[in-house]
file my_file_6.cif (mmCIF, C-alpha atoms and all ligand atoms)
data_structure
loop_
_atom_site.label_atom_id
_atom_site.label_comp_id
_atom_site.auth_asym_id
_atom_site.auth_seq_id
_atom_site.Cartn_x
_atom_site.Cartn_y
_atom_site.Cartn_z
CA MET A 1 9.81 2.32 -15.30
CA SER A 2 9.21 3.85 -11.92
CA LYS A 3 5.86 3.40 -10.22
CA ASN A 4 4.82 6.85 -9.03
CA PHE A 5 1.44 7.92 -7.68
CA VAL A 6 0.17 11.50 -8.01
CA THR A 7 -2.96 13.18 -6.73
CA GLY A 8 -4.28 16.53 -5.54
CA ILE A 9 -7.24 18.40 -4.08
CA GLN A 10 -8.27 21.98 -4.71
CA PRO A 11 -8.14 24.39 -1.75
CA SER A 12 -11.42 25.80 -2.99
CA GLY A 13 -13.52 25.81 0.15
CA ARG A 14 -14.57 23.64 3.05
CA LEU A 15 -13.80 20.01 2.31
CA THR A 16 -16.67 17.55 2.45
CA LEU A 17 -17.10 14.01 3.66
CA GLY A 18 -17.06 13.15 -0.07
CA ASN A 19 -13.52 14.51 -0.42
CA TYR A 20 -12.47 12.50 2.62
CA LEU A 21 -14.14 9.17 1.81
CA GLY A 22 -13.64 9.37 -1.97
CA ALA A 23 -10.10 10.71 -1.95
CA ILE A 24 -8.03 11.48 1.18
CA ARG A 25 -8.85 8.26 3.04
CA ASN A 26 -7.77 6.33 -0.02
CA PHE A 27 -4.48 8.26 -0.20
CA VAL A 28 -3.77 7.30 3.42
CA LYS A 29 -4.53 3.62 2.71
CA LEU A 30 -2.29 3.61 -0.36
CA GLN A 31 0.48 5.34 1.56
CA GLU A 32 0.51 2.41 4.00
CA GLU A 33 0.44 -0.25 1.28
CA LYS A 34 3.72 1.19 -0.03
CA ASP A 35 3.16 -0.19 -3.53
CA TYR A 36 4.86 2.80 -5.15
CA ASP A 37 8.25 4.39 -5.69
CA GLU A 38 7.18 7.99 -5.04
CA PHE A 39 3.80 9.33 -3.95
CA PHE A 40 3.12 13.01 -4.66
CA VAL A 41 0.10 14.66 -3.01
CA PHE A 42 -0.38 18.31 -3.80
CA ILE A 43 -2.65 21.22 -3.01
CA ALA A 44 -4.15 22.15 -6.37
CA ASP A 45 -4.18 25.93 -6.02
CA LEU A 46 -3.70 26.55 -9.76
CA HIS A 47 -6.91 24.62 -10.36
CA ALA A 48 -8.74 26.57 -7.67
CA ILE A 49 -8.15 29.87 -9.51
CA THR A 50 -9.90 28.74 -12.69
CA VAL A 51 -13.17 30.06 -11.23
CA SER A 52 -13.94 33.28 -9.40
CA TYR A 53 -12.29 33.35 -5.92
CA ASN A 54 -11.16 35.55 -3.08
CA PRO A 55 -7.31 35.74 -2.79
CA SER A 56 -7.17 36.00 1.01
CA ASP A 57 -9.55 33.04 1.38
CA LEU A 58 -7.39 31.05 -1.01
CA ARG A 59 -4.22 31.76 1.01
CA GLN A 60 -5.98 30.54 4.17
CA ASN A 61 -7.46 27.51 2.44
CA ILE A 62 -4.04 26.38 1.21
CA LYS A 63 -2.76 26.20 4.79
CA LYS A 64 -5.96 24.61 6.01
CA LEU A 65 -5.75 21.89 3.38
CA ALA A 66 -2.13 21.18 4.32
CA ALA A 67 -3.17 20.78 7.97
CA LEU A 68 -6.11 18.61 6.97
CA TYR A 69 -3.99 16.28 4.84
CA LEU A 70 -1.76 15.70 7.85
CA ALA A 71 -4.67 15.43 10.30
CA CYS A 72 -6.23 12.75 8.10
CA GLY A 73 -3.05 10.72 8.40
CA LEU A 74 -0.83 11.57 5.46
CA ASP A 75 2.76 11.09 6.57
CA PRO A 76 5.40 13.40 5.03
CA SER A 77 8.01 10.67 5.42
CA LYS A 78 5.99 8.51 3.02
CA VAL A 79 4.38 11.01 0.65
CA THR A 80 5.64 14.27 -0.82
CA LEU A 81 3.21 17.04 0.14
CA PHE A 82 3.48 20.34 -1.70
CA VAL A 83 1.64 23.31 -3.14
CA GLN A 84 1.16 23.07 -6.91
CA SER A 85 1.98 26.72 -7.71
CA GLU A 86 5.29 26.42 -5.84
CA VAL A 87 6.55 24.00 -8.49
CA HIS A 88 6.42 26.25 -11.53
CA GLU A 89 6.86 23.33 -13.93
CA HIS A 90 3.14 22.57 -13.48
CA ALA A 91 2.15 25.77 -15.27
CA GLU A 92 4.75 25.16 -17.96
CA ILE A 93 3.76 21.59 -18.74
CA GLY A 94 0.12 22.71 -18.76
CA TYR A 95 0.92 25.12 -21.57
CA LEU A 96 3.01 22.62 -23.53
CA LEU A 97 0.24 20.02 -23.40
CA GLN A 98 -2.32 22.57 -24.59
CA THR A 99 -0.50 22.48 -27.93
CA ILE A 100 -1.61 18.87 -28.41
CA SER A 101 -5.08 19.14 -26.82
CA TYR A 102 -8.18 19.95 -28.83
CA ILE A 103 -10.83 22.49 -27.92
CA GLY A 104 -13.57 20.03 -28.93
CA GLU A 105 -12.45 17.39 -26.45
CA LEU A 106 -12.19 19.97 -23.66
CA GLU A 107 -15.66 21.37 -24.35
CA ARG A 108 -17.08 17.88 -23.90
CA MET A 109 -15.89 17.60 -20.27
CA THR A 110 -18.81 17.32 -17.85
CA GLN A 111 -17.14 19.39 -15.13
CA TYR A 112 -16.53 22.24 -17.60
CA LYS A 113 -20.15 22.16 -18.75
CA ASP A 114 -21.40 22.13 -15.13
CA LYS A 115 -19.10 24.87 -13.88
CA LYS A 116 -19.27 27.25 -16.81
CA VAL A 117 -22.96 27.98 -16.25
CA LYS A 118 -22.18 29.10 -12.69
CA GLN A 119 -19.58 31.74 -13.72
CA VAL A 120 -21.26 35.12 -13.43
CA GLU A 121 -18.09 37.12 -14.25
CA GLY A 122 -17.48 35.17 -17.47
CA VAL A 123 -15.91 31.78 -18.17
CA SER A 124 -12.10 31.83 -17.94
CA SER A 125 -10.12 30.05 -20.63
CA ALA A 126 -8.35 28.29 -17.72
CA LEU A 127 -11.63 26.57 -16.80
CA LEU A 128 -11.68 25.06 -20.28
CA THR A 129 -8.03 23.98 -20.09
CA TYR A 130 -8.30 22.70 -16.49
CA PRO A 131 -8.08 19.03 -17.57
CA VAL A 132 -4.92 19.77 -19.60
CA LEU A 133 -3.26 21.21 -16.50
CA MET A 134 -4.44 18.11 -14.65
CA ALA A 135 -2.85 15.91 -17.32
CA GLY A 136 0.32 17.95 -16.80
CA ASP A 137 0.19 17.42 -13.02
CA ILE A 138 0.15 13.70 -13.64
CA LEU A 139 2.67 13.44 -16.48
CA LEU A 140 5.17 15.73 -14.76
CA TYR A 141 5.87 12.89 -12.32
CA ASN A 142 5.34 10.21 -14.97
CA ALA A 143 2.61 8.79 -12.76
CA TYR A 144 1.73 5.16 -13.02
CA ALA A 145 -1.52 5.64 -11.08
CA VAL A 146 -3.76 8.46 -9.87
CA PRO A 147 -6.02 7.91 -6.85
CA VAL A 148 -9.23 9.94 -7.39
CA GLY A 149 -12.97 9.87 -6.79
CA LEU A 150 -15.30 8.74 -9.56
CA ASP A 151 -16.12 12.30 -10.68
CA GLN A 152 -12.53 12.71 -11.93
CA LYS A 153 -12.61 9.61 -14.14
CA GLN A 154 -13.42 11.56 -17.30
CA HIS A 155 -10.51 13.94 -16.74
CA LEU A 156 -8.21 11.02 -16.17
CA GLU A 157 -9.31 9.40 -19.40
CA LEU A 158 -8.38 12.63 -21.17
CA ALA A 159 -4.98 12.59 -19.45
CA ARG A 160 -4.46 9.08 -20.85
CA THR A 161 -5.42 10.27 -24.34
CA ILE A 162 -3.05 13.24 -24.14
CA SER A 163 -0.24 11.05 -22.84
CA GLU A 164 -0.68 8.56 -25.68
CA ARG A 165 -0.92 11.38 -28.20
CA PHE A 166 2.36 12.86 -26.98
CA ASN A 167 4.13 9.49 -27.11
CA ASN A 168 2.87 8.85 -30.66
CA LYS A 169 3.83 12.30 -31.89
CA PHE A 170 7.18 12.85 -30.20
CA GLY A 171 8.36 9.41 -29.06
CA ASP A 172 7.77 7.39 -25.90
CA LEU A 173 8.13 9.34 -22.69
CA PHE A 174 5.02 9.08 -20.56
CA ASN A 175 3.30 6.23 -18.75
CA ILE A 176 -0.39 5.94 -19.56
CA PRO A 177 -1.71 6.62 -16.05
CA ILE A 178 -4.41 4.44 -14.51
CA PRO A 179 -7.12 5.71 -12.17
CA LEU A 180 -7.27 4.19 -8.68
CA ILE A 181 -10.93 4.48 -7.74
CA GLN A 182 -12.15 2.57 -4.73
CA LYS A 183 -15.36 0.56 -4.91
CA THR A 184 -17.30 1.91 -1.94
CA GLY A 185 -17.31 5.68 -1.42
CA ALA A 186 -16.14 6.51 -4.95
CA LYS A 187 -19.00 8.97 -5.22
CA ILE A 188 -20.65 10.22 -2.04
CA MET A 189 -23.94 11.87 -2.92
CA SER A 190 -25.71 14.98 -1.65
CA LEU A 191 -27.81 14.38 1.47
CA GLN A 192 -30.62 16.50 0.01
CA ASP A 193 -30.51 15.26 -3.59
CA PRO A 194 -28.87 11.83 -3.60
CA THR A 195 -28.75 11.76 -7.40
CA LYS A 196 -26.12 14.57 -7.29
CA LYS A 197 -22.58 14.31 -5.91
CA MET A 198 -21.88 15.82 -2.50
CA SER A 199 -20.11 18.99 -3.46
CA LYS A 200 -18.02 21.69 -1.77
CA SER A 201 -19.85 24.36 -3.72
CA ASP A 202 -23.42 23.21 -3.07
CA PRO A 203 -25.24 26.35 -1.87
CA LEU A 204 -27.54 24.19 0.26
CA GLU A 205 -25.59 23.86 3.53
CA LYS A 206 -27.40 20.72 4.72
CA ALA A 207 -26.67 18.86 1.47
CA SER A 208 -23.04 18.28 2.49
CA ILE A 209 -21.23 17.18 5.61
CA TYR A 210 -18.17 19.37 5.96
CA LEU A 211 -15.10 18.06 7.68
CA ASP A 212 -15.29 20.99 10.10
CA ASP A 213 -18.96 20.51 11.00
CA SER A 214 -19.64 20.06 14.72
CA GLU A 215 -20.96 16.74 16.04
CA ASP A 216 -24.36 18.28 16.54
CA VAL A 217 -24.53 19.62 12.98
CA ILE A 218 -23.42 16.27 11.54
CA ARG A 219 -26.17 14.48 13.45
CA LYS A 220 -28.81 16.98 12.34
CA LYS A 221 -27.76 16.82 8.69
CA ILE A 222 -27.90 13.04 8.63
CA ALA A 223 -31.23 12.99 10.43
CA SER A 224 -32.68 15.24 7.72
CA ALA A 225 -31.13 13.34 4.79
CA VAL A 226 -33.60 12.62 1.99
CA THR A 227 -34.56 8.93 1.77
CA ASP A 228 -37.75 7.24 0.53
CA SER A 229 -40.96 5.83 1.93
CA ASP A 230 -40.23 2.09 1.48
CA GLY A 231 -38.96 1.56 5.00
CA ILE A 232 -36.41 -1.02 3.79
CA ILE A 233 -32.66 -0.66 4.35
CA LYS A 234 -31.22 -2.07 1.16
CA TYR A 235 -28.58 -0.95 -1.32
CA ASP A 236 -30.25 -0.03 -4.61
CA GLU A 237 -28.69 3.06 -6.18
CA LYS A 238 -31.37 3.43 -8.82
CA ASN A 239 -34.52 3.07 -6.76
CA LYS A 240 -33.23 3.97 -3.30
CA PRO A 241 -30.43 6.52 -3.83
CA GLY A 242 -30.75 8.14 -0.39
CA ILE A 243 -30.57 4.92 1.61
CA SER A 244 -27.82 3.59 -0.69
CA ASN A 245 -25.77 6.72 -0.08
CA LEU A 246 -26.16 6.42 3.70
CA LEU A 247 -25.19 2.73 3.50
CA ALA A 248 -22.08 3.64 1.49
CA ILE A 249 -21.17 6.37 3.99
CA MET A 250 -21.59 4.02 6.94
CA ALA A 251 -19.70 1.21 5.20
CA CYS A 252 -16.75 3.54 4.61
CA CYS A 253 -16.79 4.98 8.12
CA SER A 254 -17.35 1.73 10.02
CA GLY A 255 -15.23 -0.57 7.85
CA LYS A 256 -18.19 -3.00 7.56
CA SER A 257 -19.42 -4.22 4.18
CA ILE A 258 -22.71 -2.97 2.77
CA GLN A 259 -24.10 -6.49 3.00
CA THR A 260 -23.20 -6.74 6.69
CA LEU A 261 -24.98 -3.45 7.31
CA GLU A 262 -28.06 -4.56 5.36
CA ASN A 263 -28.25 -7.64 7.61
CA GLU A 264 -27.59 -5.64 10.76
CA PHE A 265 -30.42 -3.20 10.01
CA LYS A 266 -32.95 -5.66 8.61
CA GLY A 267 -36.33 -4.59 10.02
CA ALA A 268 -34.94 -1.43 11.64
CA GLY A 269 -36.56 1.96 11.08
CA TYR A 270 -34.89 4.78 9.13
CA GLY A 271 -34.56 6.87 12.32
CA GLU A 272 -32.54 4.18 14.08
CA PHE A 273 -30.43 3.59 10.97
CA LYS A 274 -29.68 7.29 10.52
CA LYS A 275 -28.53 7.53 14.14
CA ALA A 276 -26.10 4.68 13.55
CA VAL A 277 -24.84 6.32 10.34
CA ALA A 278 -24.30 9.57 12.25
CA ASN A 279 -22.39 7.75 15.02
CA SER A 280 -20.05 6.17 12.49
CA VAL A 281 -19.40 9.53 10.78
CA VAL A 282 -18.81 11.34 14.08
CA GLU A 283 -16.34 8.65 15.15
CA VAL A 284 -14.29 9.30 12.03
CA ILE A 285 -14.53 13.08 11.75
CA ILE A 286 -14.20 14.35 15.32
CA PRO A 287 -10.70 12.87 15.96
CA ILE A 288 -9.53 14.39 12.65
CA GLN A 289 -10.82 17.80 13.77
CA LYS A 290 -8.84 17.61 17.00
CA LYS A 291 -5.58 16.85 15.17
CA TYR A 292 -6.38 19.51 12.58
CA GLU A 293 -6.76 22.24 15.22
CA GLU A 294 -3.39 21.27 16.74
CA LEU A 295 -1.65 21.28 13.37
CA LEU A 296 -3.08 24.63 12.32
CA LYS A 297 -1.43 26.17 15.37
CA ASN A 298 1.93 24.78 14.31
CA GLN A 299 2.59 26.94 11.25
CA ASP A 300 6.37 26.39 11.38
CA TYR A 301 5.88 22.67 11.02
CA LEU A 302 3.36 23.07 8.19
CA ASN A 303 5.70 25.42 6.35
CA LYS A 304 8.62 23.03 6.76
CA VAL A 305 6.60 20.10 5.36
CA LEU A 306 5.47 22.15 2.35
CA ASP A 307 8.93 23.66 1.73
CA ASP A 308 10.58 20.23 1.79
CA GLY A 309 7.83 18.84 -0.43
CA ALA A 310 8.24 21.59 -3.02
CA ILE A 311 12.01 21.03 -3.18
CA LYS A 312 11.58 17.30 -3.74
CA ALA A 313 8.73 17.65 -6.25
CA SER A 314 10.69 20.30 -8.19
CA TYR A 315 13.63 17.94 -8.55
CA PHE A 316 11.44 15.32 -10.29
CA ALA A 317 9.40 17.87 -12.25
CA LYS A 318 12.43 19.68 -13.63
CA LYS A 319 13.98 16.48 -14.98
CA GLN A 320 10.78 15.27 -16.62
CA LEU A 321 9.96 18.66 -18.15
CA SER A 322 13.43 18.88 -19.64
CA LYS A 323 13.03 15.46 -21.28
CA MET A 324 9.66 16.51 -22.63
CA LYS A 325 10.91 19.80 -24.07
CA ARG A 326 13.84 18.02 -25.69
CA LYS A 327 11.43 15.66 -27.47
CA MET A 328 9.35 18.62 -28.62
CA GLY A 329 12.33 20.32 -30.28
CA LEU A 330 12.85 22.84 -27.49
CA GLU A 331 15.87 22.99 -25.10
CA ARG A 332 18.46 24.48 -27.51
CA LYS A 333 21.54 23.31 -25.59
CA LYS A 334 20.62 19.69 -24.99
N1 LIG B 401 -18.78 13.51 -3.48
C1 LIG B 401 -17.61 12.94 -3.67
N2 LIG B 401 -17.48 11.61 -3.50
C2 LIG B 401 -16.28 11.00 -3.67
N3 LIG B 401 -15.16 11.66 -4.04
C3 LIG B 401 -15.24 12.99 -4.21
N4 LIG B 401 -14.33 13.93 -4.56
C4 LIG B 401 -14.94 15.14 -4.60
N5 LIG B 401 -16.23 15.02 -4.29
C5 LIG B 401 -16.46 13.70 -4.04
C6 LIG B 401 -12.92 13.64 -4.83
O1 LIG B 401 -12.13 14.54 -4.05
C7 LIG B 401 -10.91 14.80 -4.75
C8 LIG B 401 -10.63 16.27 -4.78
O2 LIG B 401 -11.63 16.95 -5.41
P1 LIG B 401 -11.44 18.37 -6.05
O3 LIG B 401 -10.90 19.32 -5.10
O4 LIG B 401 -10.75 18.31 -7.35
O5 LIG B 401 -12.88 18.58 -6.46
P2 LIG B 401 -14.21 18.85 -5.78
O6 LIG B 401 -14.32 18.56 -4.35
O7 LIG B 401 -15.12 18.18 -6.70
O8 LIG B 401 -14.12 20.41 -5.82
P3 LIG B 401 -14.67 21.59 -6.56
O9 LIG B 401 -14.63 21.38 -8.00
O10 LIG B 401 -13.99 22.77 -5.97
O11 LIG B 401 -16.06 21.70 -6.04
P4 LIG B 401 -17.36 20.91 -6.30
O12 LIG B 401 -17.43 19.98 -5.16
O13 LIG B 401 -18.34 21.99 -6.23
O14 LIG B 401 -17.29 20.21 -7.63
C9 LIG B 401 -11.06 14.21 -6.15
O15 LIG B 401 -10.34 12.98 -6.18
C10 LIG B 401 -12.54 13.97 -6.27
O16 LIG B 401 -12.81 12.88 -7.13
#
call {"tool": "encode", "arguments": {"input": "my_file_6.cif", "output": "structure tokens"}}
result
Amino acid sequence: MSKNFVTGIQPSGRLTLGNYLGAIRNFVKLQEEKDYDEFFVFIADLHAITVSYNPSDLRQNIKKLAALYLACGLDPSKVTLFVQSEVHEHAEIGYLLQTISYIGELERMTQYKDKKVKQVEGVSSALLTYPVLMAGDILLYNAYAVPVGLDQKQHLELARTISERFNNKFGDLFNIPIPLIQKTGAKIMSLQDPTKKMSKSDPLEKASIYLDDSEDVIRKKIASAVTDSDGIIKYDEKNKPGISNLLAIMACCSGKSIQTLENEFKGAGYGEFKKAVANSVVEVIIPIQKKYEELLKNQDYLNKVLDDGAIKASYFAKKQLSKMKRKMGLERKK
């Protein structure tokens, strides 16, 4: 069986350092390791419309995310970059998989429970079925592995369940996809409440570092990050979540291990440590911003990458969907 990787990010707002360290950076690393047959990376616009949104912002955010993927180092000659809604098979497989997904298992999803309370205009049925569409995104390319951050683990487990259920009911077709979650940076936490994940939609601006924050803003946000009063720089998620989060951030950005950093900052004050964390973040983010600005100006190039990506993804998606429909008793002429 082929060894395909699939992953995506929603164009649902300003991306955070969490999205970069937990997801995009990992995609770039995997792209270089070349341990795959095909690697599909998409812009998950169909997922972004499961909650209330502004259409003109969404259209802008789709282009911005494409530019950001490239600025972060994704290479269109190694990965297939495309917009989810431009490959209509995603919506179709999402529906087909709903027929073998249960409402009870969807209602148990943490993300659904968290997001539904924030929906002032009512909770869309698409928010409930979001993980089924995500299973479809993965199974459409018969993915072997899915690189994600830790917060997506539960959805991926559901995708595995749905895949197995389909195979048992209709005959073997799908791989049972595995999550690829890196050890450090799998869950970057809020700078203001380090027991919560750093989130695009956090209303508290200084809780998240956005990839388009200026150097000055990044430094200020890290300087005001919530820590503790121990005065010891040590990784201990339970008792020292703020310091642990900053250590994880610096480890990811500097390439040093957490242990090396603990030794380096033994006896140092929190102020000095925070400055070093900020330096490491700035060194990573500012060069990305420069490339991003250049890419955003080159709309023809962005469009070409996304057009080519959609053509290639559609070729794979069409074949797999046809096999699936055949197994389900659809596809009259095959
Ligand atoms: N804090 C994080 N730490 C590590 N990884 C993270 N990811 C998200 N936040 C962190 C990973 O980024 C990828 C894309 O995420 P997404 O677009 O599906 O979800 P999101 O950023 O969580 O976006 P939402 O749902 O629009 O907003 P919020 O942030 O409000 O929940 C995924 O691989 C995810 O694991």
call {"tool": "residues_near_ligand", "arguments": {"input": "my_file_6.cif", "ligand": "ligand LIG 401 (chain B)", "cutoff": "9 Å", "atoms": "all atoms listed in the file", "output": "ChimeraX atom specification"}}
result
/A:7-24,43-44,47-48,111,114-115,146-153,181,185-190,196-202,208
call {"tool": "residues_around", "arguments": {"input": "my_file_6.cif", "residues": "Gly104 of chain A", "least_positions_apart": "3", "cutoff": "12 Å", "atoms": "only C-alpha atoms", "output": "PDB file with C-alpha atoms, keeping the file's coordinate frame"}}
result
ATOM      1  CA  SER A 101      -5.080  19.140 -26.820  1.00  0.00           C
ATOM      2  CA  GLU A 107     -15.660  21.370 -24.350  1.00  0.00           C
ATOM      3  CA  ARG A 108     -17.080  17.880 -23.900  1.00  0.00           C
ATOM      4  CA  MET A 109     -15.890  17.600 -20.270  1.00  0.00           C
ATOM      5  CA  TYR A 112     -16.530  22.240 -17.600  1.00  0.00           C
ATOM      6  CA  LEU A 128     -11.680  25.060 -20.280  1.00  0.00           C
ATOM      7  CA  THR A 129      -8.030  23.980 -20.090  1.00  0.00           C
ATOM      8  CA  LEU A 158      -8.380  12.630 -21.170  1.00  0.00           C
TER       9      LEU A 158
END
call {"tool": "atom_distance", "arguments": {"input": "my_file_6.cif", "atom1": "atom CA of Met134 of chain A", "atom2": "atom CA of Tyr53 of chain A"}}
result
19.2 Å
call {"tool": "closest_residue", "arguments": {"input": "my_file_6.cif", "among": "A:Ile93, A:Ile243, A:Ile258, A:Ala159", "to": "Leu191 of chain A", "atoms": "only C-alpha atoms"}}
result
A:Ile243
call {"tool": "residues_near_point", "arguments": {"input": "my_file_6.cif", "point": "(2.4, 21.5, 13.2)", "cutoff": "10 Å", "atoms": "all atoms listed in the file", "output": "PDB file with C-alpha atoms, keeping the file's coordinate frame"}}
result
ATOM      1  CA  ALA A  66      -2.130  21.180   4.320  1.00  0.00           C
ATOM      2  CA  ALA A  67      -3.170  20.780   7.970  1.00  0.00           C
ATOM      3  CA  LEU A  70      -1.760  15.700   7.850  1.00  0.00           C
ATOM      4  CA  ALA A  71      -4.670  15.430  10.300  1.00  0.00           C
ATOM      5  CA  LYS A 291      -5.580  16.850  15.170  1.00  0.00           C
ATOM      6  CA  TYR A 292      -6.380  19.510  12.580  1.00  0.00           C
ATOM      7  CA  GLU A 293      -6.760  22.240  15.220  1.00  0.00           C
ATOM      8  CA  GLU A 294      -3.390  21.270  16.740  1.00  0.00           C
ATOM      9  CA  LEU A 295      -1.650  21.280  13.370  1.00  0.00           C
ATOM     10  CA  LEU A 296      -3.080  24.630  12.320  1.00  0.00           C
ATOM     11  CA  LYS A 297      -1.430  26.170  15.370  1.00  0.00           C
ATOM     12  CA  ASN A 298       1.930  24.780  14.310  1.00  0.00           C
ATOM     13  CA  GLN A 299       2.590  26.940  11.250  1.00  0.00           C
ATOM     14  CA  ASP A 300       6.370  26.390  11.380  1.00  0.00           C
ATOM     15  CA  TYR A 301       5.880  22.670  11.020  1.00  0.00           C
ATOM     16  CA  LEU A 302       3.360  23.070   8.190  1.00  0.00           C
ATOM     17  CA  ASN A 303       5.700  25.420   6.350  1.00  0.00           C
ATOM     18  CA  LYS A 304       8.620  23.030   6.760  1.00  0.00           C
ATOM     19  CA  VAL A 305       6.600  20.100   5.360  1.00  0.00           C
TER      20      VAL A 305
END
